Amino acid sequence: MAGEQVTFDQVAAVASGLQDAGQPVTVEAVRAALADDGIDAAANGIYKHLAEWRADHEKAPEPPRAELPPALLADLADWARRYAQDAGAADRDALARADSDMQALLDAGNELEAARDDLTAQVAGISGERDDALASLAERDDVIERLTAELANARQVAMDALVGKAKDQLAIEGKDAQIADLRAQIERNVAAQAALSDARLTAQMELVGATTARDSLAAELRDVRALLDAQRNKR
């Protein structure tokens with residue numbers, strides 16, 4: 001997008017070169033020449049400097065001197081018609097250049113409007129993604145809370161089971177089978193606790209990932225808003 005600042009000296013140098021080469025000095029011609037030099041200037045900036053340059057370098061054309069040619073009256077009438085056409089040619093050229101400059105400014109304004117609409121659409125899309133991420137994060141928070149409650153309940157159940165089995169074991173001495181069964185139940189309870197701990201760790205990792213994604217989306221939203229503000233300030 002064109003938006004690079006251009007100085008009066010840069011525009012004046014290009015305009016003088018076009019004038020010396022006998023080429024029309026218009027906004028588009030100056031902009032094309034600047035682009036060849038690697039300068040992507042805005043049309044409205046060129047127009048402002050070009051108007052100042054024209055005030056000093058393009059004087060109002062002087063009409064041709066009305067001298068009677070050494071010819072008959074019929075030739076004199078034809079010469080008068082040609083004179084009138086030549087006298088108005090400079091004004092027509094100036095009007096054509098003004099029309100060309102105005103069209104260039106209109107085109108530049110349309111480009112800025114399109115860029116603004118594009119940035120607005122990007123901001124709306126990022127806002128929607130942010131809202132989705134926040135909703136997903138809230139759902140994961142609910143899952144983590146539920147898993148934490150289930151883990152606490154499972155621990156309590158396991159402890160109650162361990163205490164009950166320990167009491168039974170003390171009451172039944174010498175029964176190896178019951179001892180083995182108690183040991184197996186304890187091992188299963190320990191395995192269940194380990195599984196619940198793994199589930200809680202997985203949920204916590206997902207929460208960290210969701211939080212990171214949310215922060216990243218928020219940072220992108222701030223960058224896009226800053227870019228939109230910059231484009232509005234340039235306009």
# chains A, B, ... in the order shown; residues from 1 in each chain; ligands from 1
call {"tool": "select_by_dssp", "arguments": {"residues": "region 7-145 of chain A", "states": "alpha helix (DSSP H)", "output": "PyMOL selection string"}}
result
chain A and resi 8-20+27-36+43-57+73-145
call {"tool": "write_last_selection", "arguments": {"atoms": "C-alpha atoms", "output": "CSV table (one decimal), in the first residue's frame"}}
result
chain,number,residue,atom,x,y,z
A,8,PHE,CA,9.1,18.5,-2.0
A,9,ASP,CA,12.6,18.2,-3.3
A,10,GLN,CA,12.0,14.7,-4.5
A,11,VAL,CA,8.8,15.7,-6.3
A,12,ALA,CA,10.3,18.9,-7.7
A,13,ALA,CA,13.3,16.9,-9.1
A,14,VAL,CA,11.1,14.4,-10.9
A,15,ALA,CA,8.7,17.1,-12.2
A,16,SER,CA,11.6,19.2,-13.6
A,17,GLY,CA,13.0,16.1,-15.3
A,18,LEU,CA,9.6,15.4,-16.9
A,19,GLN,CA,9.2,19.0,-18.0
A,20,ASP,CA,12.7,19.0,-19.5
A,27,VAL,CA,0.6,13.1,-10.4
A,28,GLU,CA,0.6,9.6,-12.0
A,29,ALA,CA,3.7,10.4,-14.1
A,30,VAL,CA,5.6,11.7,-11.0
A,31,ARG,CA,4.4,8.7,-8.9
A,32,ALA,CA,5.7,6.3,-11.6
A,33,ALA,CA,9.0,8.0,-11.8
A,34,LEU,CA,9.4,7.9,-8.0
A,35,ALA,CA,8.5,4.2,-8.0
A,36,ASP,CA,11.3,3.6,-10.5
A,43,ALA,CA,-0.9,10.4,-4.4
A,44,ASN,CA,-2.1,13.0,-2.1
A,45,GLY,CA,1.4,13.8,-0.8
A,46,ILE,CA,2.6,14.1,-4.5
A,47,TYR,CA,-0.3,16.4,-5.4
A,48,LYS,CA,0.5,18.8,-2.5
A,49,HIS,CA,4.2,19.2,-3.5
A,50,LEU,CA,3.4,19.2,-7.3
A,51,ALA,CA,0.9,22.1,-6.9
A,52,GLU,CA,3.6,24.1,-5.1
A,53,TRP,CA,6.1,23.3,-7.9
A,54,ARG,CA,3.7,24.3,-10.6
A,55,ALA,CA,3.2,27.7,-9.0
A,56,ASP,CA,6.9,28.4,-9.6
A,57,HIS,CA,7.6,26.5,-12.8
A,73,LEU,CA,-8.4,38.2,-46.5
A,74,ALA,CA,-9.5,34.5,-46.9
A,75,ASP,CA,-6.1,33.3,-45.6
A,76,LEU,CA,-6.4,35.9,-42.7
A,77,ALA,CA,-9.7,34.3,-41.6
A,78,ASP,CA,-8.2,30.8,-41.6
A,79,TRP,CA,-5.2,32.1,-39.7
A,80,ALA,CA,-7.5,33.6,-37.0
A,81,ARG,CA,-9.2,30.3,-36.5
A,82,ARG,CA,-5.9,28.5,-36.0
A,83,TYR,CA,-4.8,31.2,-33.6
A,84,ALA,CA,-7.9,30.8,-31.5
A,85,GLN,CA,-7.3,27.0,-31.3
A,86,ASP,CA,-3.6,27.4,-30.4
A,87,ALA,CA,-4.5,30.0,-27.7
A,88,GLY,CA,-6.8,27.5,-25.9
A,89,ALA,CA,-4.6,24.5,-26.2
A,90,ALA,CA,-2.6,25.3,-23.0
A,91,ASP,CA,-5.7,25.8,-21.0
A,92,ARG,CA,-7.1,22.5,-22.2
A,93,ASP,CA,-3.8,20.7,-21.3
A,94,ALA,CA,-3.9,22.2,-17.8
A,95,LEU,CA,-7.5,21.2,-17.3
A,96,ALA,CA,-6.6,17.6,-18.5
A,97,ARG,CA,-3.7,17.5,-16.0
A,98,ALA,CA,-6.0,18.7,-13.2
A,99,ASP,CA,-8.6,16.0,-14.1
A,100,SER,CA,-5.8,13.4,-14.1
A,101,ASP,CA,-4.6,14.6,-10.7
A,102,MET,CA,-8.1,14.5,-9.2
A,103,GLN,CA,-8.7,11.0,-10.5
A,104,ALA,CA,-5.3,9.9,-8.9
A,105,LEU,CA,-6.4,11.3,-5.6
A,106,LEU,CA,-9.8,9.6,-5.8
A,107,ASP,CA,-8.0,6.3,-6.6
A,108,ALA,CA,-5.7,6.7,-3.6
A,109,GLY,CA,-8.7,7.4,-1.4
A,110,ASN,CA,-10.4,4.2,-2.6
A,111,GLU,CA,-7.3,2.2,-1.8
A,112,LEU,CA,-7.2,3.6,1.8
A,113,GLU,CA,-10.9,2.8,2.2
A,114,ALA,CA,-10.3,-0.8,1.0
A,115,ALA,CA,-7.4,-1.2,3.4
A,116,ARG,CA,-9.4,0.1,6.3
A,117,ASP,CA,-12.2,-2.3,5.6
A,118,ASP,CA,-9.7,-5.2,5.3
A,119,LEU,CA,-8.2,-4.3,8.7
A,120,THR,CA,-11.6,-4.0,10.3
A,121,ALA,CA,-12.5,-7.5,9.0
A,122,GLN,CA,-9.2,-8.9,10.4
A,123,VAL,CA,-9.9,-7.4,13.8
A,124,ALA,CA,-13.4,-8.9,13.8
A,125,GLY,CA,-12.0,-12.3,13.0
A,126,ILE,CA,-9.3,-12.2,15.7
A,127,SER,CA,-12.0,-11.0,18.2
A,128,GLY,CA,-14.1,-14.1,17.3
A,129,GLU,CA,-11.1,-16.4,17.7
A,130,ARG,CA,-10.3,-14.8,21.1
A,131,ASP,CA,-13.9,-15.4,22.3
A,132,ASP,CA,-13.7,-19.0,21.2
A,133,ALA,CA,-10.5,-19.5,23.0
A,134,LEU,CA,-11.9,-17.9,26.2
A,135,ALA,CA,-14.9,-20.2,26.0
A,136,SER,CA,-12.7,-23.2,25.5
A,137,LEU,CA,-10.6,-22.1,28.5
A,138,ALA,CA,-13.7,-21.8,30.7
A,139,GLU,CA,-14.8,-25.4,29.7
A,140,ARG,CA,-11.3,-26.7,30.6
A,141,ASP,CA,-11.5,-24.9,33.9
A,142,ASP,CA,-14.8,-26.7,34.7
A,143,VAL,CA,-13.2,-30.1,33.7
A,144,ILE,CA,-10.2,-29.4,36.0
A,145,GLU,CA,-12.4,-28.5,38.9
call {"tool": "residues_around", "arguments": {"residues": "region 184-196 of chain A", "least_positions_apart": "2", "cutoff": "9 Å", "atoms": "only C-alpha atoms", "output": "VMD selection string"}}
result
chain A and resid 147 to 148 150 to 151 154 to 155 157 to 159 161 to 162 165 179 to 182 198 to 201
call {"tool": "write_last_selection", "arguments": {"atoms": "C-alpha atoms", "output": "tab-separated table (two decimals), in the first residue's frame"}}
result
chain	number	residue	atom	x	y	z
A	147	LEU	CA	-11.45	-33.88	38.12
A	148	THR	CA	-9.99	-32.31	41.27
A	150	GLU	CA	-13.25	-36.63	41.87
A	151	LEU	CA	-9.60	-37.11	42.83
A	154	ALA	CA	-11.25	-41.17	45.29
A	155	ARG	CA	-8.49	-40.52	47.79
A	157	VAL	CA	-12.53	-43.79	49.34
A	158	ALA	CA	-9.09	-45.34	49.06
A	159	MET	CA	-8.15	-44.29	52.57
A	161	ALA	CA	-10.83	-48.88	52.14
A	162	LEU	CA	-7.27	-49.14	53.45
A	165	LYS	CA	-9.02	-53.69	55.22
A	179	ILE	CA	-3.79	-61.01	53.22
A	180	ALA	CA	-3.04	-61.46	49.51
A	181	ASP	CA	-6.48	-60.11	48.58
A	182	LEU	CA	-5.98	-57.09	50.84
A	198	ASP	CA	-2.12	-38.44	35.71
A	199	ALA	CA	-5.54	-37.17	34.62
A	200	ARG	CA	-5.13	-34.08	36.80
A	201	LEU	CA	-1.64	-33.44	35.39
call {"tool": "closest_residue", "arguments": {"among": "A:Gln5, A:Ala203, A:Thr26, A:Leu72", "to": "Ala41 (chain A)", "atoms": "only C-alpha atoms"}}
result
A:Gln5
